[in-house]
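The next block holds one structure in the form of structure tokens; read it before the comments.
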Amino acid sequence: MKWFRRIGTLAAGLLIATAALAQGYPNKPVRIVVAYQAGQGTDVVTRYLAEQLTRSLGQSFFVENRGGAGGNIGTEVAARAAADGYTLTMGTNATHALNQFLYATLPFNSEKDFEPIILVGTFPMAVLAGADSPIKSIDDLVARVKANPRAADIALPSTTARLVYELLKERSQAPLFGVPYKGSSAAQSDVLGGQVPVMIDTVTAGRPLVASGKLRALGVTSAKPTALMPGAKTVAEQGLAGFEVIAWNALYAPKGTPPAIVKQLNAEVARILAQPEARQRLIDLGFEPAGGTPEQLADFARAERDKWGPLIKKADIRAE
């Protein structure tokens with residue numbers, strides 16, 4: 001009995017210590033690891049969120065860029081950090097859903113090594129063509145390719161673009177041909193120059209050229225039309241019901257971070273995302289503001305892994 005009482009006392013002491021830690025949180029700067037280079041979409045959104053958290057919580061939240069290996073380097077850094085709330089990471093659909101299927105081995109487990117905090121934002125992909133292209137829509141693309149398999153190569157500047165391509169090919173049964181590119185700029189240049197008629201890219205990357213009239217959006221991959229690309233029809237409403245591919249950013253902490261800190265961060269980020277000014281700013285940056293509970297983020301990421309794992313395996317997609 002004394003042994004059980006001693007264990008109970010230790011457990012109670014641990015809970016009190018955890019609560020005390022959370023109560024004074026944060027009392028020093030908080031690092032948010034971004035597993036990509038500065039200036040990319042995830043980095044831009046994280047810097048905005050860090051700025052807002054700094055204002056509201058009274059301590060500096062700062063971004064540390066640790067790019068490389070498709071996001072794996074920075075994500076490992078975050079996974080191995082102390083679970084005290086002073087290292088966070090902005091996870092993505094790549095780091096926390098896709099990479100485990102794209103790489104033979106990973107130095108972290110996206111589910112077991114992290115505490116989910118909140119889904120920050122989502123953004124769809126877009127199928128794009130030159131403004132003067134004879135291809136006017138997804139229906140038109142599919143019809144032309146079925147009539148002439150050489151009618152439309154598709155430039156693919158990212159892994160997520162490759163997933164859109166594979167799903168589009170599978171669902172449309174059209175003999176599409178994907179052409180890999182290293183980044184958006186090269187793909188955009190070739191589409192604008194007429195070397196490749198169609199490309200798939202993020203709405204964030206494509207919308208300036210759509211807005212300027214240089215590219216045409218054949219379709220967006222969100223389930224519903226998006227304010228990020230006004231006027232663009234969804235792929236789903238063009239004969240491929242249920243078609244949906246979105247990229248996303250979500251805030252995570254190392255596994256074992258005190259629940260009270262996770263709860264506090266979730267509540268504070270949710271409050272920020274609900275503000276009209278913040279929502280508009282994220283839309284301006286190319287993201288649909290999200291939100292929800294840590295449990296909802298965990299379920300969402302698990303569903304993403306369940307959705308894309310089989311397709312990646314079937315198409316034998318490997319990280320380059």
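Just so we're on the same page: first chain in the structure tokens is A, next is B, and so on; residues restart at 1 for each chain, and ligands are numbered from 1 in the order they show up.
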Practice task
Using only C-alpha atoms, determine which residues lie at most 8 Å from A:Asn93, disregarding the query and same-chain residues fewer than 6 positions distant; provide the list as a PyMOL selection string.
Solution key: chain A and resi 247-249+301+304
Please write the residues from the selection above to a file, keeping N, CA and C atoms, as a CSV table (one decimal), in the first residue's frame.
chain,number,residue,atom,x,y,z
A,247,ALA,N,-3.4,21.0,-50.2
A,247,ALA,CA,-2.1,21.0,-49.4
A,247,ALA,C,-2.5,21.8,-48.1
A,248,TRP,N,-1.7,21.6,-47.1
A,248,TRP,CA,-2.1,22.2,-45.8
A,248,TRP,C,-0.9,22.4,-44.9
A,249,ASN,N,-1.1,23.3,-43.9
A,249,ASN,CA,-0.1,23.6,-42.9
A,249,ASN,C,-0.8,23.4,-41.5
A,301,ALA,N,-5.1,14.3,-40.4
A,301,ALA,CA,-3.8,13.9,-40.9
A,301,ALA,C,-3.8,12.4,-41.2
A,304,GLU,N,-5.6,11.7,-44.3
A,304,GLU,CA,-4.8,12.1,-45.5
A,304,GLU,C,-3.8,10.9,-45.8
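For A:Arg171, the residues within 12 Å (counting only C-alpha atoms, excluding itself and residues fewer than 2 positions away along the chain) are Val142, Val164, Tyr165, Glu166, Leu167, Leu168, Lys169, Gln173, Ala174, Pro175, Leu176, Val235, Ala236, Gln238, Gly239, Leu240, Ala241, Gly242, Phe243, Glu244 and Leu311 of chain A.
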Would you mind exporting the chosen residues as a PDB file, in the first residue's frame, restricted to N, CA and C atoms?
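Result went into out.pdb, see below:
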ATOM      1  N   VAL A 142      -9.411  16.586 -71.008  1.00  0.00           N
ATOM      2  CA  VAL A 142      -9.638  15.138 -71.069  1.00  0.00           C
ATOM      3  C   VAL A 142     -10.061  14.706 -72.466  1.00  0.00           C
ATOM      4  N   VAL A 164      -1.870  15.112 -57.786  1.00  0.00           N
ATOM      5  CA  VAL A 164      -3.032  15.593 -58.542  1.00  0.00           C
ATOM      6  C   VAL A 164      -3.059  14.937 -59.917  1.00  0.00           C
ATOM      7  N   TYR A 165      -1.913  14.906 -60.558  1.00  0.00           N
ATOM      8  CA  TYR A 165      -1.790  14.301 -61.896  1.00  0.00           C
ATOM      9  C   TYR A 165      -2.194  12.825 -61.868  1.00  0.00           C
ATOM     10  N   GLU A 166      -1.682  12.079 -60.897  1.00  0.00           N
ATOM     11  CA  GLU A 166      -1.984  10.647 -60.830  1.00  0.00           C
ATOM     12  C   GLU A 166      -3.466  10.417 -60.575  1.00  0.00           C
ATOM     13  N   LEU A 167      -4.055  11.218 -59.696  1.00  0.00           N
ATOM     14  CA  LEU A 167      -5.483  11.060 -59.416  1.00  0.00           C
ATOM     15  C   LEU A 167      -6.319  11.464 -60.618  1.00  0.00           C
ATOM     16  N   LEU A 168      -5.905  12.529 -61.302  1.00  0.00           N
ATOM     17  CA  LEU A 168      -6.620  12.974 -62.492  1.00  0.00           C
ATOM     18  C   LEU A 168      -6.553  11.918 -63.586  1.00  0.00           C
ATOM     19  N   LYS A 169      -5.391  11.331 -63.770  1.00  0.00           N
ATOM     20  CA  LYS A 169      -5.235  10.277 -64.781  1.00  0.00           C
ATOM     21  C   LYS A 169      -6.079   9.054 -64.438  1.00  0.00           C
ATOM     22  N   GLN A 173      -9.352   8.456 -66.712  1.00  0.00           N
ATOM     23  CA  GLN A 173      -8.957   7.414 -67.663  1.00  0.00           C
ATOM     24  C   GLN A 173      -8.395   8.008 -68.949  1.00  0.00           C
ATOM     25  N   ALA A 174      -7.797   9.184 -68.830  1.00  0.00           N
ATOM     26  CA  ALA A 174      -7.177   9.835 -69.981  1.00  0.00           C
ATOM     27  C   ALA A 174      -5.687   9.510 -69.992  1.00  0.00           C
ATOM     28  N   PRO A 175      -5.082   9.295 -71.163  1.00  0.00           N
ATOM     29  CA  PRO A 175      -3.654   8.947 -71.258  1.00  0.00           C
ATOM     30  C   PRO A 175      -2.754  10.179 -71.095  1.00  0.00           C
ATOM     31  N   LEU A 176      -2.791  10.766 -69.910  1.00  0.00           N
ATOM     32  CA  LEU A 176      -1.986  11.957 -69.633  1.00  0.00           C
ATOM     33  C   LEU A 176      -0.516  11.582 -69.482  1.00  0.00           C
ATOM     34  N   VAL A 235     -12.338  20.930 -60.241  1.00  0.00           N
ATOM     35  CA  VAL A 235     -12.227  19.725 -61.071  1.00  0.00           C
ATOM     36  C   VAL A 235     -13.436  18.826 -60.827  1.00  0.00           C
ATOM     37  N   ALA A 236     -13.897  18.790 -59.592  1.00  0.00           N
ATOM     38  CA  ALA A 236     -15.007  17.914 -59.214  1.00  0.00           C
ATOM     39  C   ALA A 236     -16.282  18.221 -59.993  1.00  0.00           C
ATOM     40  N   GLN A 238     -16.477  19.269 -62.933  1.00  0.00           N
ATOM     41  CA  GLN A 238     -16.260  19.104 -64.373  1.00  0.00           C
ATOM     42  C   GLN A 238     -16.167  17.626 -64.741  1.00  0.00           C
ATOM     43  N   GLY A 239     -17.079  16.864 -64.191  1.00  0.00           N
ATOM     44  CA  GLY A 239     -17.197  15.459 -64.563  1.00  0.00           C
ATOM     45  C   GLY A 239     -16.446  14.483 -63.688  1.00  0.00           C
ATOM     46  N   LEU A 240     -15.766  14.963 -62.647  1.00  0.00           N
ATOM     47  CA  LEU A 240     -15.009  14.067 -61.763  1.00  0.00           C
ATOM     48  C   LEU A 240     -15.471  14.277 -60.326  1.00  0.00           C
ATOM     49  N   ALA A 241     -16.708  13.920 -60.053  1.00  0.00           N
ATOM     50  CA  ALA A 241     -17.318  14.146 -58.743  1.00  0.00           C
ATOM     51  C   ALA A 241     -16.469  13.552 -57.620  1.00  0.00           C
ATOM     52  N   GLY A 242     -16.322  14.312 -56.549  1.00  0.00           N
ATOM     53  CA  GLY A 242     -15.563  13.846 -55.399  1.00  0.00           C
ATOM     54  C   GLY A 242     -14.075  14.099 -55.481  1.00  0.00           C
ATOM     55  N   PHE A 243     -13.590  14.656 -56.593  1.00  0.00           N
ATOM     56  CA  PHE A 243     -12.159  14.927 -56.754  1.00  0.00           C
ATOM     57  C   PHE A 243     -11.747  16.039 -55.797  1.00  0.00           C
ATOM     58  N   GLU A 244     -10.752  15.760 -54.970  1.00  0.00           N
ATOM     59  CA  GLU A 244     -10.266  16.767 -54.036  1.00  0.00           C
ATOM     60  C   GLU A 244      -8.815  16.478 -53.656  1.00  0.00           C
ATOM     61  N   LEU A 311      -2.439   5.377 -53.201  1.00  0.00           N
ATOM     62  CA  LEU A 311      -2.194   5.944 -54.536  1.00  0.00           C
ATOM     63  C   LEU A 311      -0.697   6.061 -54.813  1.00  0.00           C
TER      64      LEU A 311
END
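Between atom CA of A:Met125 and atom CA of A:Ala161 there is a distance of 7.3 Å.
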Exercise for the section: Run DSSP on the backbone and give me the residues of stretch 104-225 of chain A it puts in helix (DSSP H, G or I), as number ranges by chain. Expected result: A: 138-147, 159-172, 184-193, 203-211
Those residues you just picked out, can you put them in a file as a short mmCIF file (atom, residue, chain, number, x, y, z; two decimals), in the first residue's frame with N, CA and C atoms?
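Generated file (result_37.cif):
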data_model
loop_
_atom_site.label_atom_id
_atom_site.label_comp_id
_atom_site.auth_asym_id
_atom_site.auth_seq_id
_atom_site.Cartn_x
_atom_site.Cartn_y
_atom_site.Cartn_z
N ILE A 138 -11.17 21.44 -67.81
CA ILE A 138 -10.78 20.05 -67.54
C ILE A 138 -11.48 19.12 -68.52
N ASP A 139 -12.75 19.37 -68.78
CA ASP A 139 -13.48 18.56 -69.77
C ASP A 139 -12.77 18.60 -71.12
N ASP A 140 -12.36 19.79 -71.51
CA ASP A 140 -11.68 19.98 -72.79
C ASP A 140 -10.34 19.25 -72.80
N LEU A 141 -9.59 19.35 -71.68
CA LEU A 141 -8.30 18.66 -71.57
C LEU A 141 -8.47 17.15 -71.74
N VAL A 142 -9.41 16.59 -71.01
CA VAL A 142 -9.64 15.14 -71.07
C VAL A 142 -10.06 14.71 -72.47
N ALA A 143 -10.97 15.45 -73.07
CA ALA A 143 -11.46 15.10 -74.41
C ALA A 143 -10.34 15.16 -75.43
N ARG A 144 -9.52 16.19 -75.38
CA ARG A 144 -8.43 16.35 -76.35
C ARG A 144 -7.39 15.24 -76.20
N VAL A 145 -7.06 14.90 -74.94
CA VAL A 145 -6.03 13.87 -74.72
C VAL A 145 -6.54 12.50 -75.15
N LYS A 146 -7.82 12.23 -74.91
CA LYS A 146 -8.37 10.95 -75.34
C LYS A 146 -8.39 10.84 -76.86
N ALA A 147 -8.59 11.97 -77.52
CA ALA A 147 -8.60 11.97 -78.98
C ALA A 147 -7.19 11.94 -79.55
N THR A 159 5.75 17.31 -55.61
CA THR A 159 5.16 16.01 -55.30
C THR A 159 3.65 16.09 -55.26
N THR A 160 3.12 17.17 -54.67
CA THR A 160 1.67 17.32 -54.59
C THR A 160 1.07 17.46 -55.98
N ALA A 161 1.79 18.16 -56.87
CA ALA A 161 1.33 18.25 -58.26
C ALA A 161 1.29 16.86 -58.90
N ARG A 162 2.28 16.04 -58.58
CA ARG A 162 2.31 14.67 -59.11
C ARG A 162 1.10 13.87 -58.60
N LEU A 163 0.71 14.09 -57.35
CA LEU A 163 -0.45 13.38 -56.82
C LEU A 163 -1.73 13.81 -57.53
N VAL A 164 -1.87 15.11 -57.79
CA VAL A 164 -3.03 15.59 -58.54
C VAL A 164 -3.06 14.94 -59.92
N TYR A 165 -1.91 14.91 -60.56
CA TYR A 165 -1.79 14.30 -61.90
C TYR A 165 -2.19 12.83 -61.87
N GLU A 166 -1.68 12.08 -60.90
CA GLU A 166 -1.98 10.65 -60.83
C GLU A 166 -3.47 10.42 -60.58
N LEU A 167 -4.06 11.22 -59.70
CA LEU A 167 -5.48 11.06 -59.42
C LEU A 167 -6.32 11.46 -60.62
N LEU A 168 -5.90 12.53 -61.30
CA LEU A 168 -6.62 12.97 -62.49
C LEU A 168 -6.55 11.92 -63.59
N LYS A 169 -5.39 11.33 -63.77
CA LYS A 169 -5.24 10.28 -64.78
C LYS A 169 -6.08 9.05 -64.44
N GLU A 170 -6.08 8.68 -63.16
CA GLU A 170 -6.85 7.51 -62.72
C GLU A 170 -8.35 7.74 -62.86
N ARG A 171 -8.80 8.91 -62.43
CA ARG A 171 -10.24 9.16 -62.41
C ARG A 171 -10.80 9.46 -63.81
N SER A 172 -10.02 10.11 -64.66
CA SER A 172 -10.51 10.48 -65.99
C SER A 172 -10.28 9.39 -67.02
N SER A 184 8.37 25.76 -59.40
CA SER A 184 7.31 26.42 -60.16
C SER A 184 7.82 27.30 -61.29
N SER A 185 8.90 28.02 -61.05
CA SER A 185 9.36 29.01 -62.03
C SER A 185 9.67 28.39 -63.38
N ALA A 186 10.39 27.26 -63.37
CA ALA A 186 10.75 26.61 -64.63
C ALA A 186 9.51 26.10 -65.35
N ALA A 187 8.57 25.53 -64.59
CA ALA A 187 7.34 25.01 -65.19
C ALA A 187 6.51 26.15 -65.78
N GLN A 188 6.36 27.22 -65.03
CA GLN A 188 5.61 28.37 -65.52
C GLN A 188 6.23 28.94 -66.78
N SER A 189 7.56 29.03 -66.80
CA SER A 189 8.25 29.58 -67.96
C SER A 189 7.96 28.77 -69.22
N ASP A 190 7.97 27.44 -69.09
CA ASP A 190 7.73 26.59 -70.26
C ASP A 190 6.27 26.63 -70.71
N VAL A 191 5.34 26.76 -69.76
CA VAL A 191 3.93 26.87 -70.15
C VAL A 191 3.69 28.22 -70.82
N LEU A 192 4.25 29.27 -70.27
CA LEU A 192 4.10 30.59 -70.89
C LEU A 192 4.75 30.65 -72.26
N GLY A 193 5.85 29.88 -72.42
CA GLY A 193 6.55 29.87 -73.71
C GLY A 193 5.98 28.89 -74.70
N VAL A 203 -2.39 26.95 -55.98
CA VAL A 203 -3.13 28.17 -56.28
C VAL A 203 -2.28 29.39 -55.90
N THR A 204 -1.55 29.27 -54.79
CA THR A 204 -0.71 30.37 -54.32
C THR A 204 0.29 30.79 -55.38
N ALA A 205 0.95 29.82 -56.02
CA ALA A 205 1.96 30.12 -57.04
C ALA A 205 1.34 30.56 -58.35
N GLY A 206 0.17 30.01 -58.68
CA GLY A 206 -0.41 30.26 -59.99
C GLY A 206 -1.28 31.49 -60.09
N ARG A 207 -1.85 31.93 -58.99
CA ARG A 207 -2.87 32.98 -59.12
C ARG A 207 -2.35 34.34 -59.59
N PRO A 208 -1.10 34.74 -59.29
CA PRO A 208 -0.66 36.03 -59.86
C PRO A 208 -0.68 36.04 -61.38
N LEU A 209 -0.30 34.90 -62.00
CA LEU A 209 -0.29 34.83 -63.46
C LEU A 209 -1.70 34.69 -64.02
N VAL A 210 -2.59 34.08 -63.25
CA VAL A 210 -4.00 34.03 -63.67
C VAL A 210 -4.61 35.42 -63.57
N ALA A 211 -4.32 36.12 -62.48
CA ALA A 211 -4.86 37.46 -62.28
C ALA A 211 -4.36 38.44 -63.35
#
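If you measure from each of A:Pro29, A:Asp132, A:Ala290, A:Lys224 to A:Arg271 using only C-alpha atoms, the closest one turns out to be A:Ala290.
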Cut-off 9 Å: closest stretch 178-265 of chain A/stretch 101-113 of chain A atom pairs per residue, using only C-alpha atoms, as CSV:
residue,atom,partner,partner_atom,distance
A:Ala253,CA,A:Asp113,CA,8.7
A:Pro254,CA,A:Asp113,CA,6.1
A:Lys255,CA,A:Asp113,CA,5.0
A:Gly256,CA,A:Asp113,CA,8.5
Exercise for the section: Could you give me, as a list in words, the residues within 8 Å of stretch 36-51 of chain A, counting only C-alpha atoms and dropping anything in the same chain fewer than 6 positions from it? Expected result: Ser60, Phe61, Phe62, Val63, Asn65, Arg66, Gly67, Gly68, Gly70, Gly71, Gly74, Met90, Thr92, Thr204, Asn249, Val269, Leu282 and Leu285 of chain A
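Between atom CA of A:Pro294 and atom CA of A:Thr89 the interatomic distance comes to 14.2 Å.
Proximity of A:Pro149, A:Ala129, A:Val262, A:Tyr252 to A:Pro197, computed with only C-alpha atoms, is greatest for A:Ala129.
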